[in-house]
Each structure stands twice: as structure tokens, then as C-alpha cells.
Amino acid sequence: MPGCSTGIAKPRQSPLVEPSVAATIVPAATGKSFVARAGQHIAVAQRDGGQVVDLFVFTYPEADEYLSAQHTRVSSGRLFPRAGEPFLSNRRTPIVTLIADSSPGVHDMLIAACDPMRYQLLGASAHPNCEQNLATAMREAGVELRVVPQPVNLFMNVPVRPDGSLELAPSPAGPGDRVVLRAERDVLVVVSSCPQDMLPINNGAPKDVDVAIYDP
Ligand SMILES: [Zn+2]
């Protein structure tokens with residue numbers, strides 16, 4: 001029926017990435033996996049703005065190596081890499097490189113993915129979460145999930161105060177803001193639109209995001 005949304009994600013042209021590249025919608029509060037071959041670009045883009053995106057990267061097809069936040073911090077000497085700098089695997093080899101960022105540059109690599117216990121502790125008995133989104137996306141890709149890595153929390157605003165305390169603040173990302181990565185290996189990328197709606201990080205409600213994999 002014209003104008004009737006099925007709610008099923010389908011490829012579409014997105015002005016948020018490149019004019020010739022079809023982006024895939026990751027619906028709000030869900031996850032999806034993507035295969036990117038070495039050298040391909042991975043764009044993760046806001047649609048409405050203000051949405052945290054949990055990103056996981058595994059080698060493919062053998063997911064025995066994965067993007068490791070803690071190894072990346074040692075390499076870059078920063079809380080988050082700058083454009084041109086790689087994210088390292090748990091074996092300290094580059095797995096993807098940050099090549100462009102049109103957002104305010106506010107991202108997090110300190111906070112664990114939300115999971116069922118996180119929401120239980122906040123008072124919700126059953127709540128969508130990034131850990132289960134990861135598990136579902138990996139199962140659909142036919143790849144065994146052996147470990148839940150600490151995610152790269154794109155667009156997540158976790159300022160470190162002078163006294164060392166952390167704040168979980170609303171994402172400042174705007175509509176159309178995007179991050180572009182280059183795959184340094186053949187990788188399986190899992191993107192989760194963080195379902196967190198009990199804290200202000202997603203500005204009130206989870207939202208759709210766009211992902212595109214393309215040859216540069
Ligand atoms: Zn989450």
C-alpha cells in the first residue's frame with residue numbers, strides 16, 4: 001500500500017553518506033551486522049540526531065579477533081582516536097581506522113554495552129539492550145559470539161569531570177552527522193541503535209540510524 005511502512009529496513013539512497021551509496025536503516029533500538037572487506041569504508045550516520053550507536057567489529061569470517069577499546073587507548077594515548085588513527089584489535093593490530101567525523105567529535109570508549117542487568121538495576125524487568133542486539137545480529141550472520149567486547153559508543157557523551165567522575169549526558173550529534181571508518185581487515189561490523197530511554201543519553205528516545213558499506 002502506498003505510504004504504508006512495513007517497518008522492515010530496506011536499502012535506500014541516503015544523502016548522509018555519498019550520493020551514489022545506498023544506506024541501510026538500522027531501526028531504533030535494534031542491531032544489524034554488515035560485512036566490510038579490507039579497504040572498504042563503513043559510514044555510520046545520524047538521521048534525526050542525538051542517538052548513541054554501539055559499534056562492534058570482529059574479524060570475518062573467523063571472529064577470533066575483535067576491536068578492543070582498551071588496546072586502542074594504549075596505542076592512541078587518548079580516550080578516543082583522532083581522524084587518521086586506527087582502532088586496534090585484542091592482538092594490537094589495526095582492525096579499522098577512523099578516517100572522517102562530521103559530528104562534534106564526542107564519542108565514548110569507556111562504557112560497557114547496556115545489557116539486561118543494566119536495565120534491571122534501573123528498574124526495568126525486560127528492556128531491549130545493545131548486548132542482546134549484538135547477540136541477535138551475530139546469530140543472524142551465522143558467526144559465533146565468543147566474547148562481548150567493550151563497544152565503541154559512537155556519538156555518546158561521557159564527559160570526564162576534573163574530579164575524575166563521569167557524567168552520562170545527552171548526545172550532541174546533529175542530523176546527518178556521520179563517522180566513516182576504513183576496514184583494515186575483512187570484518188563483521190555490528191551496529192546497535194542504543195535502546196537506552198531511562199537515561200538522557202539518547203535525548204529521550206532511541207532513533208533510527210543509517211549505515212553504508214562502500215568502496216571508496
Ligand atoms: Zn545500549
# chains A, B, ... in the order shown; residues from 1 in each chain; ligands from 1
>>> residues_near_ligand(ligand="ligand 1", cutoff="12 Å", atoms="only C-alpha atoms and all ligand atoms", output="ChimeraX atom specification")
/A:28-31,51-56,111-119,127-134,150-156,191-199,201-202,205-206
>>> write_last_selection(atoms="C-alpha atoms", output="JSON list (two decimals), in the first residue's frame")
[["chain", "number", "residue", "atom", "x", "y", "z"],
["A", 28, "ALA", "CA", 15.65, 2.40, 16.51],
["A", 29, "ALA", "CA", 16.68, 0.17, 19.42],
["A", 30, "THR", "CA", 17.76, -2.72, 17.17],
["A", 31, "GLY", "CA", 21.04, -4.07, 15.81],
["A", 51, "GLN", "CA", 21.47, 8.96, 19.04],
["A", 52, "VAL", "CA", 24.17, 6.79, 20.58],
["A", 53, "VAL", "CA", 25.39, 3.94, 18.35],
["A", 54, "ASP", "CA", 27.20, 0.97, 19.84],
["A", 55, "LEU", "CA", 29.73, -0.36, 17.33],
["A", 56, "PHE", "CA", 31.45, -3.76, 17.47],
["A", 111, "ILE", "CA", 31.25, 2.45, 28.99],
["A", 112, "ALA", "CA", 30.06, -1.15, 28.67],
["A", 113, "ALA", "CA", 27.19, -2.03, 26.35],
["A", 114, "CYS", "CA", 23.80, -1.87, 28.02],
["A", 115, "ASP", "CA", 22.51, -5.33, 28.92],
["A", 116, "PRO", "CA", 19.57, -6.93, 30.77],
["A", 117, "MET", "CA", 21.11, -6.40, 34.21],
["A", 118, "ARG", "CA", 21.80, -2.74, 33.47],
["A", 119, "TYR", "CA", 18.08, -2.19, 32.96],
["A", 127, "HIS", "CA", 14.15, -3.95, 28.07],
["A", 128, "PRO", "CA", 15.83, -4.02, 24.65],
["A", 129, "ASN", "CA", 19.59, -3.66, 25.01],
["A", 130, "CYS", "CA", 22.78, -3.44, 22.98],
["A", 131, "GLU", "CA", 24.23, -6.73, 24.24],
["A", 132, "GLN", "CA", 21.21, -8.70, 23.03],
["A", 133, "ASN", "CA", 21.19, -6.70, 19.78],
["A", 134, "LEU", "CA", 24.79, -7.83, 19.29],
["A", 150, "GLN", "CA", 33.53, -3.23, 25.20],
["A", 151, "PRO", "CA", 31.87, -1.25, 22.40],
["A", 152, "VAL", "CA", 32.86, 1.89, 20.61],
["A", 153, "ASN", "CA", 30.00, 4.14, 21.66],
["A", 154, "LEU", "CA", 29.73, 6.49, 18.72],
["A", 155, "PHE", "CA", 28.14, 9.88, 19.45],
["A", 156, "MET", "CA", 27.94, 9.05, 23.21],
["A", 191, "VAL", "CA", 25.80, -1.61, 14.80],
["A", 192, "SER", "CA", 23.25, -1.17, 17.59],
["A", 193, "SER", "CA", 20.95, 1.82, 17.93],
["A", 194, "CYS", "CA", 21.23, 2.03, 21.71],
["A", 195, "PRO", "CA", 17.76, 1.43, 23.24],
["A", 196, "GLN", "CA", 18.53, 3.43, 26.38],
["A", 197, "ASP", "CA", 15.47, 5.54, 27.21],
["A", 198, "MET", "CA", 15.77, 5.58, 31.00],
["A", 199, "LEU", "CA", 18.75, 7.96, 30.98],
["A", 201, "ILE", "CA", 21.98, 9.85, 26.61],
["A", 202, "ASN", "CA", 19.68, 9.42, 23.58],
["A", 205, "ALA", "CA", 14.02, 8.05, 22.78],
["A", 206, "PRO", "CA", 16.07, 5.76, 20.54]]
>>> atom_distance(atom1="CA of Pro94 in chain A", atom2="CA of Arg178 in chain A")
21.0 Å
>>> residues_around(residues="Asp101 in chain A", least_positions_apart="2", cutoff="12 Å", atoms="only C-alpha atoms", output="JSON list (two decimals) with N, CA and C atoms, in the first residue's frame")
[["chain", "number", "residue", "atom", "x", "y", "z"],
["A", 17, "VAL", "N", 25.58, 9.96, 3.34],
["A", 17, "VAL", "CA", 26.82, 9.23, 3.13],
["A", 17, "VAL", "C", 27.49, 9.73, 1.85],
["A", 42, "ILE", "N", 33.11, 2.25, 5.94],
["A", 42, "ILE", "CA", 31.92, 1.98, 6.76],
["A", 42, "ILE", "C", 31.45, 3.33, 7.27],
["A", 43, "ALA", "N", 30.28, 3.75, 6.86],
["A", 43, "ALA", "CA", 29.74, 5.03, 7.34],
["A", 43, "ALA", "C", 28.59, 4.76, 8.28],
["A", 44, "VAL", "N", 28.60, 5.41, 9.43],
["A", 44, "VAL", "CA", 27.51, 5.33, 10.40],
["A", 44, "VAL", "C", 26.99, 6.75, 10.59],
["A", 45, "ALA", "N", 25.72, 6.94, 10.26],
["A", 45, "ALA", "CA", 25.19, 8.31, 10.20],
["A", 45, "ALA", "C", 23.94, 8.47, 11.04],
["A", 46, "GLN", "N", 23.83, 9.65, 11.61],
["A", 46, "GLN", "CA", 22.61, 10.05, 12.31],
["A", 46, "GLN", "C", 21.51, 10.34, 11.29],
["A", 81, "PRO", "N", 40.36, 7.74, 19.41],
["A", 81, "PRO", "CA", 41.29, 8.11, 18.34],
["A", 81, "PRO", "C", 40.86, 9.37, 17.61],
["A", 82, "ARG", "N", 41.84, 10.03, 17.00],
["A", 82, "ARG", "CA", 41.55, 11.14, 16.09],
["A", 82, "ARG", "C", 41.46, 10.61, 14.67],
["A", 83, "ALA", "N", 40.90, 11.42, 13.78],
["A", 83, "ALA", "CA", 40.81, 11.02, 12.38],
["A", 83, "ALA", "C", 42.21, 10.67, 11.86],
["A", 84, "GLY", "N", 42.29, 9.54, 11.20],
["A", 84, "GLY", "CA", 43.57, 9.05, 10.69],
["A", 84, "GLY", "C", 44.20, 7.99, 11.57],
["A", 85, "GLU", "N", 43.66, 7.82, 12.78],
["A", 85, "GLU", "CA", 44.25, 6.86, 13.71],
["A", 85, "GLU", "C", 43.43, 5.56, 13.75],
["A", 97, "THR", "N", 40.14, 1.95, 10.79],
["A", 97, "THR", "CA", 40.74, 3.27, 11.02],
["A", 97, "THR", "C", 39.66, 4.33, 10.91],
["A", 98, "LEU", "N", 39.69, 5.29, 11.84],
["A", 98, "LEU", "CA", 38.77, 6.43, 11.77],
["A", 98, "LEU", "C", 39.28, 7.38, 10.70],
["A", 99, "ILE", "N", 38.50, 7.59, 9.65],
["A", 99, "ILE", "CA", 39.00, 8.46, 8.58],
["A", 99, "ILE", "C", 38.23, 9.77, 8.47],
["A", 103, "SER", "N", 30.68, 14.89, 13.01],
["A", 103, "SER", "CA", 29.92, 15.21, 14.23],
["A", 103, "SER", "C", 30.77, 16.13, 15.11],
["A", 104, "PRO", "N", 30.24, 16.57, 16.25],
["A", 104, "PRO", "CA", 31.07, 17.37, 17.18],
["A", 104, "PRO", "C", 32.29, 16.60, 17.71],
["A", 105, "GLY", "N", 32.42, 15.33, 17.38],
["A", 105, "GLY", "CA", 33.59, 14.56, 17.81],
["A", 105, "GLY", "C", 33.47, 14.02, 19.22],
["A", 106, "VAL", "N", 32.25, 13.95, 19.72],
["A", 106, "VAL", "CA", 32.02, 13.45, 21.07],
["A", 106, "VAL", "C", 31.63, 11.97, 20.98],
["A", 107, "HIS", "N", 32.53, 11.10, 21.43],
["A", 107, "HIS", "CA", 32.31, 9.66, 21.41],
["A", 107, "HIS", "C", 32.85, 9.08, 22.71],
["A", 154, "LEU", "N", 29.71, 5.31, 19.57],
["A", 154, "LEU", "CA", 29.73, 6.49, 18.72],
["A", 154, "LEU", "C", 28.67, 7.49, 19.19],
["A", 155, "PHE", "N", 29.04, 8.75, 19.15],
["A", 155, "PHE", "CA", 28.14, 9.88, 19.45],
["A", 155, "PHE", "C", 27.72, 9.92, 20.93],
["A", 173, "ALA", "N", 25.18, 14.92, 18.92],
["A", 173, "ALA", "CA", 25.24, 14.71, 17.47],
["A", 173, "ALA", "C", 24.00, 15.29, 16.79],
["A", 176, "GLY", "N", 22.31, 14.08, 10.33],
["A", 176, "GLY", "CA", 23.26, 13.98, 9.23],
["A", 176, "GLY", "C", 24.70, 13.80, 9.66],
["A", 177, "ASP", "N", 24.99, 13.97, 10.94],
["A", 177, "ASP", "CA", 26.37, 13.76, 11.39],
["A", 177, "ASP", "C", 26.78, 12.32, 11.12],
["A", 178, "ARG", "N", 28.03, 12.13, 10.73],
["A", 178, "ARG", "CA", 28.45, 10.77, 10.42],
["A", 178, "ARG", "C", 29.91, 10.53, 10.78],
["A", 179, "VAL", "N", 30.20, 9.27, 10.99],
["A", 179, "VAL", "CA", 31.56, 8.80, 11.21],
["A", 179, "VAL", "C", 31.87, 7.80, 10.10],
["A", 180, "VAL", "N", 33.06, 7.92, 9.53],
["A", 180, "VAL", "CA", 33.46, 6.99, 8.47],
["A", 180, "VAL", "C", 34.73, 6.26, 8.91],
["A", 181, "LEU", "N", 34.69, 4.95, 8.78],
["A", 181, "LEU", "CA", 35.82, 4.09, 9.13],
["A", 181, "LEU", "C", 36.29, 3.37, 7.87]]
>>> closest_residue(among="A:Gly77, A:Gly204, A:Pro27, A:Pro61", to="Pro170 in chain A", atoms="only C-alpha atoms")
A:Gly204
>>> select_by_dssp(residues="range 33-200 of chain A", states="alpha helix (DSSP H)", output="NGL selection string")
:A and (69-76 or 116-122 or 130-141)
>>> atom_distance(atom1="CA of Ala22 in chain A", atom2="CA of Tyr66 in chain A")
26.3 Å
>>> closest_residue(among="A:Ile95, A:Val190, A:Val143, A:Val211", to="Leu67 in chain A", atoms="only C-alpha atoms")
A:Ile95
>>> select_by_dssp(residues="range 70-111 of chain A", states="strand (DSSP E)", output="list in words")
Pro86, Phe87, Leu88, Pro94, Ile95, Val96, Thr97, Leu98, Ile99, Ala100 and Asp101 of chain A
>>> closest_residue(among="A:Pro175, A:Gly123, A:Gly142, A:Pro149", to="Arg47 in chain A", atoms="only C-alpha atoms")
A:Pro175
>>> closest_residue(among="A:Asp108, A:Glu65, A:Asp48, A:Asp210", to="Leu166 in chain A", atoms="only C-alpha atoms")
A:Asp108
>>> atom_distance(atom1="CA of Ala100 in chain A", atom2="CA of Pro200 in chain A")
26.3 Å
>>> closest_residue(among="A:Leu188, A:Thr93, A:His41, A:Ile25", to="Glu144 in chain A", atoms="only C-alpha atoms")
A:Leu188
>>> residues_around(residues="Ala36 in chain A", least_positions_apart="5", cutoff="7 Å", atoms="only C-alpha atoms", output="MDAnalysis selection string")
chainID A and resid 183 186:188 213
>>> write_last_selection(atoms="N, CA and C atoms", output="mmCIF file, in the first residue's frame")
data_model
loop_
_atom_site.group_PDB
_atom_site.id
_atom_site.type_symbol
_atom_site.label_atom_id
_atom_site.label_comp_id
_atom_site.auth_asym_id
_atom_site.auth_seq_id
_atom_site.Cartn_x
_atom_site.Cartn_y
_atom_site.Cartn_z
ATOM 1 N N ALA A 183 37.935 -0.292 6.758
ATOM 2 C CA ALA A 183 38.259 -1.633 7.229
ATOM 3 C C ALA A 183 39.707 -1.960 6.874
ATOM 4 N N ASP A 186 39.183 -7.954 6.577
ATOM 5 C CA ASP A 186 37.794 -8.336 6.322
ATOM 6 C C ASP A 186 37.119 -8.414 7.689
ATOM 7 N N VAL A 187 36.032 -7.688 7.847
ATOM 8 C CA VAL A 187 35.435 -7.575 9.177
ATOM 9 C C VAL A 187 33.916 -7.737 9.132
ATOM 10 N N LEU A 188 33.391 -8.161 10.278
ATOM 11 C CA LEU A 188 31.950 -8.130 10.524
ATOM 12 C C LEU A 188 31.708 -6.979 11.501
ATOM 13 N N ILE A 213 28.125 0.508 3.632
ATOM 14 C CA ILE A 213 29.424 -0.106 3.355
ATOM 15 C C ILE A 213 29.689 0.129 1.865
#
>>> residues_around(residues="Val74 in chain A", least_positions_apart="3", cutoff="12 Å", atoms="only C-alpha atoms", output="MDAnalysis selection string")
chainID A and resid 68:71 77:81 86:90 92
>>> closest_residue(among="A:Ala169, A:Val21, A:Ala135, A:Val189", to="Tyr60 in chain A", atoms="only C-alpha atoms")
A:Val189
